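Chemist: My structure is in input.tsv, and what it holds is TSV, C-alpha atoms:
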```
chain	number	residue	atom	x	y	z
U	296	MET	CA	-22.94	54.10	-101.44
U	297	ILE	CA	-24.58	52.85	-104.59
U	298	ARG	CA	-26.97	50.05	-105.48
U	299	ILE	CA	-27.82	49.00	-109.04
U	300	THR	CA	-30.78	46.66	-108.87
U	301	SER	CA	-33.52	45.07	-110.94
U	302	GLU	CA	-35.80	45.04	-107.89
U	303	PRO	CA	-38.44	47.73	-107.35
U	304	PHE	CA	-37.70	49.85	-104.29
U	305	ASP	CA	-39.49	52.38	-102.14
U	306	ALA	CA	-37.91	55.84	-102.25
U	307	GLY	CA	-39.43	56.68	-98.86
U	308	ASP	CA	-37.73	53.69	-97.25
U	309	GLU	CA	-34.43	54.67	-98.88
U	310	LEU	CA	-34.69	58.24	-97.58
U	311	ARG	CA	-35.53	57.10	-94.05
U	312	ALA	CA	-32.52	54.76	-94.01
U	313	PHE	CA	-30.28	57.51	-95.42
U	314	LEU	CA	-31.37	59.95	-92.70
U	315	GLU	CA	-30.06	57.47	-90.12
U	316	VAL	CA	-26.52	57.88	-91.45
U	317	ALA	CA	-26.65	61.43	-92.82
U	318	GLY	CA	-25.55	63.33	-89.72
U	319	GLU	CA	-26.39	66.96	-88.98
U	320	GLY	CA	-26.85	69.82	-91.43
U	321	ALA	CA	-28.61	69.24	-94.74
U	322	VAL	CA	-29.97	66.32	-96.75
U	323	ALA	CA	-31.11	66.71	-100.36
U	324	SER	CA	-32.87	63.96	-102.26
U	325	PHE	CA	-34.22	63.25	-105.72
U	326	VAL	CA	-36.61	60.61	-107.01
U	327	GLY	CA	-36.73	59.74	-110.71
U	328	ILE	CA	-39.98	58.26	-111.97
U	329	VAL	CA	-40.51	56.70	-115.41
U	330	ARG	CA	-42.48	59.10	-117.64
U	331	GLY	CA	-45.40	58.00	-119.81
U	332	ASP	CA	-45.57	60.30	-122.86
U	333	GLY	CA	-46.81	57.42	-124.98
U	334	VAL	CA	-44.17	55.04	-123.65
U	335	ASP	CA	-45.56	51.69	-122.49
U	336	ALA	CA	-42.32	50.39	-121.03
U	337	LEU	CA	-38.73	51.45	-120.51
U	338	THR	CA	-35.92	48.89	-120.40
U	339	LEU	CA	-32.47	49.74	-119.05
U	340	ASP	CA	-29.55	47.57	-120.08
U	341	HIS	CA	-26.36	47.77	-118.01
U	342	TYR	CA	-22.95	46.12	-117.94
U	343	PRO	CA	-22.81	44.23	-114.63
U	344	GLY	CA	-19.70	45.16	-112.67
U	345	PHE	CA	-18.62	47.91	-115.06
U	346	THR	CA	-21.72	50.05	-114.51
U	347	GLU	CA	-21.38	49.75	-110.73
U	348	LYS	CA	-17.69	50.70	-110.91
U	349	GLN	CA	-18.30	53.76	-113.10
U	350	VAL	CA	-21.24	55.02	-111.04
U	351	ALA	CA	-19.41	54.46	-107.74
U	352	ALA	CA	-16.44	56.47	-109.06
U	353	LEU	CA	-18.78	59.30	-110.05
U	354	VAL	CA	-20.36	59.36	-106.58
U	355	ASP	CA	-16.95	59.21	-104.88
U	356	ARG	CA	-15.70	62.20	-106.90
U	357	LEU	CA	-18.73	64.24	-105.81
U	358	ILE	CA	-18.33	63.23	-102.17
U	359	GLU	CA	-14.76	64.48	-102.28
U	360	ARG	CA	-15.41	67.68	-104.27
U	361	HIS	CA	-18.35	68.81	-102.14
U	362	ARG	CA	-17.06	67.33	-98.86
U	363	LEU	CA	-20.27	65.40	-98.38
U	364	ALA	CA	-20.98	63.54	-95.18
U	365	ALA	CA	-22.72	60.81	-97.19
U	366	ALA	CA	-24.27	60.08	-100.58
U	367	LEU	CA	-26.57	57.35	-101.82
U	368	LEU	CA	-27.66	56.32	-105.28
U	369	VAL	CA	-30.14	53.53	-105.98
U	370	HIS	CA	-30.79	52.85	-109.67
U	371	ARG	CA	-32.97	50.29	-111.40
U	372	PHE	CA	-32.22	48.27	-114.50
U	373	GLY	CA	-34.49	45.91	-116.40
U	374	THR	CA	-37.99	46.70	-117.62
U	375	MET	CA	-40.18	49.32	-115.94
U	376	GLU	CA	-43.55	50.86	-116.63
U	377	PRO	CA	-44.50	54.54	-116.38
U	378	GLY	CA	-44.95	55.58	-112.77
U	379	GLU	CA	-42.29	53.23	-111.42
U	380	THR	CA	-39.35	54.64	-109.49
U	381	ILE	CA	-36.19	54.33	-111.57
U	382	MET	CA	-33.75	56.24	-109.38
U	383	PHE	CA	-33.25	57.59	-105.88
U	384	ALA	CA	-30.36	59.89	-105.04
U	385	ALA	CA	-29.52	61.60	-101.77
U	386	THR	CA	-26.66	63.74	-100.51
U	387	ALA	CA	-25.81	64.93	-97.02
U	388	ALA	CA	-23.54	67.80	-96.05
U	389	PRO	CA	-23.06	70.20	-93.14
U	390	HIS	CA	-24.65	73.00	-95.22
U	391	ARG	CA	-27.48	73.06	-97.77
U	392	ARG	CA	-25.54	74.52	-100.71
U	393	ALA	CA	-23.10	71.61	-100.87
U	394	ALA	CA	-25.89	69.03	-100.58
U	395	LEU	CA	-27.99	70.67	-103.30
U	396	ASP	CA	-25.11	71.35	-105.71
U	397	ALA	CA	-23.77	67.81	-105.35
U	398	LEU	CA	-27.20	66.33	-105.94
U	399	ASP	CA	-27.73	68.45	-109.05
U	400	GLU	CA	-24.32	67.41	-110.43
U	401	LEU	CA	-24.95	63.77	-109.63
U	402	ILE	CA	-28.23	63.70	-111.52
U	403	GLY	CA	-26.75	65.63	-114.43
U	404	GLN	CA	-23.69	63.40	-114.74
U	405	LEU	CA	-25.78	60.25	-114.49
U	406	LYS	CA	-27.78	61.50	-117.48
U	407	THR	CA	-24.67	61.77	-119.65
U	408	ASP	CA	-21.97	59.49	-118.24
U	409	ALA	CA	-23.65	56.50	-116.63
U	410	PRO	CA	-23.28	53.22	-118.55
U	411	PHE	CA	-26.95	52.52	-119.10
U	412	TRP	CA	-28.69	51.91	-122.40
U	413	LYS	CA	-32.39	52.71	-122.62
U	414	LYS	CA	-34.97	51.08	-124.82
U	415	GLU	CA	-38.50	52.43	-125.17
U	416	ARG	CA	-41.50	50.36	-126.10
U	417	ARG	CA	-44.47	52.16	-127.68
U	418	GLY	CA	-47.16	49.66	-128.56
U	419	GLU	CA	-45.41	46.94	-130.55
U	420	ALA	CA	-42.49	49.17	-131.55
U	421	GLU	CA	-39.22	49.18	-129.61
U	422	HIS	CA	-36.22	51.42	-130.11
U	423	TRP	CA	-32.96	52.18	-128.34
U	424	LEU	CA	-32.35	55.75	-127.19
U	425	GLU	CA	-28.97	57.30	-127.87
U	426	PRO	CA	-27.47	60.78	-127.64
U	427	PRO	CA	-28.75	62.96	-130.52
U	428	GLN	CA	-25.47	63.00	-132.48
U	429	ALA	CA	-25.58	59.19	-132.84
U	430	THR	CA	-24.81	57.92	-136.29
U	431	THR	CA	-27.16	55.52	-138.00
U	432	ALA	CA	-26.09	51.91	-137.64
U	433	ALA	CA	-25.14	50.11	-140.83
U	434	PRO	CA	-27.39	47.24	-141.95
U	435	GLN	CA	-26.61	44.05	-140.10
U	436	GLN	CA	-25.10	41.05	-141.82
U	437	SER	CA	-25.79	37.56	-140.57
U	438	CYS	CA	-22.38	36.04	-139.84
U	439	ALA	CA	-23.14	34.02	-136.73
S	68	MET	CA	-11.96	35.46	-125.02
S	69	LYS	CA	-15.39	36.49	-123.79
S	70	MET	CA	-17.16	39.12	-125.89
S	71	LEU	CA	-20.14	41.18	-124.77
S	72	ALA	CA	-22.24	43.94	-126.29
S	73	PHE	CA	-24.92	46.20	-124.85
S	74	GLY	CA	-27.81	48.43	-125.85
S	75	ARG	CA	-28.58	48.39	-129.56
S	76	LEU	CA	-25.69	45.95	-130.05
S	77	SER	CA	-26.87	43.47	-127.44
S	78	HIS	CA	-28.55	41.20	-129.99
S	79	LEU	CA	-25.27	40.46	-131.80
S	80	ALA	CA	-24.16	36.85	-131.36
S	81	LEU	CA	-20.57	37.78	-130.58
S	82	ASP	CA	-19.92	34.69	-128.50
S	83	ARG	CA	-20.57	32.49	-131.52
S	84	LEU	CA	-17.56	33.87	-133.39
S	85	ASP	CA	-14.32	31.90	-133.32
S	86	ILE	CA	-11.50	34.37	-132.86
S	87	PRO	CA	-8.51	33.39	-135.04
S	88	PRO	CA	-5.09	33.25	-133.35
S	89	GLU	CA	-3.75	36.19	-135.38
S	90	VAL	CA	-6.19	38.50	-133.59
S	91	THR	CA	-3.94	39.56	-130.72
S	92	ASP	CA	-4.87	43.17	-130.11
S	93	SER	CA	-7.96	45.37	-129.80
S	94	GLU	CA	-7.59	46.94	-133.25
S	95	ALA	CA	-7.35	43.55	-134.98
S	96	LEU	CA	-10.37	42.36	-133.01
S	97	ARG	CA	-12.42	45.40	-134.05
S	98	LYS	CA	-11.55	44.78	-137.70
S	99	PHE	CA	-12.36	41.09	-137.41
S	100	VAL	CA	-15.78	41.54	-135.80
S	101	ALA	CA	-16.62	44.45	-138.12
S	102	GLU	CA	-16.42	42.06	-141.07
S	103	CYS	CA	-19.60	40.52	-139.71
S	104	TRP	CA	-21.10	43.59	-138.05
S	105	PRO	CA	-19.91	46.88	-139.57
S	106	GLU	CA	-21.70	48.85	-136.86
S	107	LEU	CA	-19.00	47.71	-134.41
S	108	ASN	CA	-16.50	49.85	-136.32
S	109	ASP	CA	-18.43	53.02	-135.49
S	110	PRO	CA	-15.93	55.27	-133.65
S	111	ARG	CA	-18.68	56.06	-131.15
S	112	VAL	CA	-18.71	52.43	-130.07
S	113	GLN	CA	-16.25	52.22	-127.18
S	114	LEU	CA	-14.30	49.16	-126.19
S	115	ALA	CA	-13.78	47.92	-122.64
S	116	VAL	CA	-11.18	45.27	-121.87
S	117	ASN	CA	-11.64	43.53	-118.54
S	118	GLN	CA	-14.13	46.25	-117.56
S	119	THR	CA	-11.76	49.14	-118.29
S	120	LEU	CA	-12.38	51.52	-121.19
S	121	VAL	CA	-9.53	51.50	-123.71
S	122	ARG	CA	-8.94	54.18	-126.31
S	123	ASP	CA	-5.56	53.05	-127.64
S	124	VAL	CA	-4.67	49.70	-129.15
S	125	VAL	CA	-4.05	47.18	-126.38
S	126	PRO	CA	-2.84	43.56	-126.53
S	127	LEU	CA	-5.47	40.90	-125.84
S	128	SER	CA	-5.19	37.54	-124.11
S	129	PRO	CA	-7.46	34.49	-124.45
S	130	GLY	CA	-8.99	35.02	-120.99
S	131	ASP	CA	-9.92	38.66	-121.56
S	132	GLU	CA	-13.46	40.04	-121.33
S	133	ILE	CA	-14.14	42.40	-124.22
S	134	ALA	CA	-17.22	44.63	-124.28
S	135	PHE	CA	-18.55	46.78	-127.12
S	136	LEU	CA	-20.34	49.81	-125.69
S	137	PRO	CA	-22.55	51.94	-127.95
S	138	PRO	CA	-23.22	55.56	-126.95
S	139	MET	CA	-24.70	55.52	-123.46
S	140	SER	CA	-28.12	56.96	-122.85
S	141	GLY	CA	-27.47	57.59	-119.16
S	142	GLY	CA	-29.55	56.92	-116.10
```
Would you put the structure from the file into structure tokens?
Modeler:
Amino acid sequence: MIRITSEPFDAGDELRAFLEVAGEGAVASFVGIVRGDGVDALTLDHYPGFTEKQVAALVDRLIERHRLAAALLVHRFGTMEPGETIMFAATAAPHRRAALDALDELIGQLKTDAPFWKKERRGEAEHWLEPPQATTAAPQQSCA
Amino acid sequence: MKMLAFGRLSHLALDRLDIPPEVTDSEALRKFVAECWPELNDPRVQLAVNQTLVRDVVPLSPGDEIAFLPPMSGG
């Protein structure tokens, strides 16, 4: 199950609810929290509908590959400040190795494949983050 | 045709462009919009048609939703 939301959420509440459906064996969970490091705010843009579809497909593939009993991903979009929870992920499986491996893969693949676009604000300056090999955008013309 | 852009492209006023009738496929659309915004011709900018990523040239219809997706920064 996935939820992409602009609303703040409580990772503890999410974990408690997940444990109700997780079954026996092992549950692994991860909480992502916005880092400071001089950043005043982090904004995540997403493509409504498309982002949900891509992330759900990623989670479904992991459920199948690791034979998970259940998986949950809750991810924020919009503007957040350092210290706010940006992501909660949990996996459940009959044995710990599957739950831990699936969780690690889920977090890793979200970092590279999830359709989110991040913008940092440091003081008055804002800039979009992109993978390091990004080319520099050409100067913009004003057509419209 | 509804056009969207995200991330560093999200400020582009794509919806204010009038698409001429001769633009009937994704390649022609890319060329047309790149006349105004050359950054849309960056090969790293992916195109989604009706919320599906397309890599080849595909025909477009007036009711289609077209999205320009710059490199994703992940979750």
Chemist: Go through U:Ile358, U:Leu405, U:Val334, U:Leu395 and flag the residue nearest Ala420 of chain U, using only C-alpha atoms for the distances.
Modeler: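 Looking at the shortest contact to Ala420 of chain U, the residue is U:Val334.
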Chemist: Have a look at atom CA of Glu319 of chain U and atom CA of His361 of chain U and let me know their distance in Å, one decimal.
Modeler: 15.5 Å
Chemist: Given a cut-off of 8 Å, which residues of chain S touch chain U, counting all atoms listed in the file, written out as a list in words?
Modeler: Phe73, Gly74, Arg75, Ala80, Leu81, Arg83, Leu84, Cys103, Trp104, Pro105, Glu106, Arg111, Gln118, Thr119, Pro138, Met139, Ser140, Gly141 and Gly142 of chain S
Chemist: Residues at most 8 Å from Leu136 of chain S, counting all atoms listed in the file, excluding those fewer than 5 positions away in the same chain, as a list of chain:residue names?
Modeler: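 That gives S:Ala72, S:Phe73, S:Gly74, S:Leu76, S:Val112, S:Gln113, S:Leu114, S:Ala115.
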Chemist: By how many Å are atom CA of Thr386 of chain U and atom CA of Leu120 of chain S apart?
Modeler: 27.9 Å
Chemist: Select, from S:Glu94, S:Phe99, S:Ser77, S:Pro137, the residue with the minimum atom-to-atom distance to Arg122 of chain S, counting all atoms listed in the file.
Modeler: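 That would be S:Glu94, the residue with the smallest distance to Arg122 of chain S.
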Chemist: Given the choices U:Glu347, U:Gly331, U:Ala397, U:Leu337, which gets closest to Leu363 of chain U if the distance is worked out from only C-alpha atoms?
Modeler: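 Of U:Glu347, U:Gly331, U:Ala397, U:Leu337, the one nearest Leu363 of chain U is U:Ala397, counting only C-alpha atoms.
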Chemist: Would you work out the distance separating atom CA of Arg391 of chain U from atom CA of Ser324 of chain U, expressed in Å to one decimal?
Modeler: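 Value for the atom CA of Arg391 of chain U-atom CA of Ser324 of chain U distance: 11.5 Å.
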Chemist: Output, as JSON, the centre and edge lengths in Å (one decimal) of the axis-aligned box that contains all listed atoms of segment 86-101 of chain S with 5 Å of margin on each side.
Modeler:
```
{"center_x": -10.2, "center_y": 40.1, "center_z": -134.0, "size_x": 22.9, "size_y": 23.7, "size_z": 18.3}
```
Chemist: Using only C-alpha atoms, which of the listed residues (S:Leu107, S:Arg97, S:Asp131, S:Val125) sits closest to Leu79 of chain S?
Modeler: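 Among S:Leu107, S:Arg97, S:Asp131, S:Val125, it is S:Leu107 that comes nearest to Leu79 of chain S.
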Chemist: Counting only C-alpha atoms, find residues at most 8 Å from (-32.8, 65.8, -98.5) (file frame) and give them as a VMD selection string.
Modeler: chain U and resid 310 321 to 325 385 to 387 394
Chemist: For a cut-off of 12 Å around (-7.1, 43.7, -130.9), file coordinates, pick out all residues using all atoms listed in the file and list them as number ranges by chain.
Modeler: S: 68, 86-101, 114-116, 121-129, 131, 133
Chemist: Could you name the residues that touch Gly418 of chain U at 10 Å or less, counting all atoms listed in the file, but leaving out those on the same chain fewer than 5 positions away, as a ChimeraX atom specification?
Modeler: /U:333-336
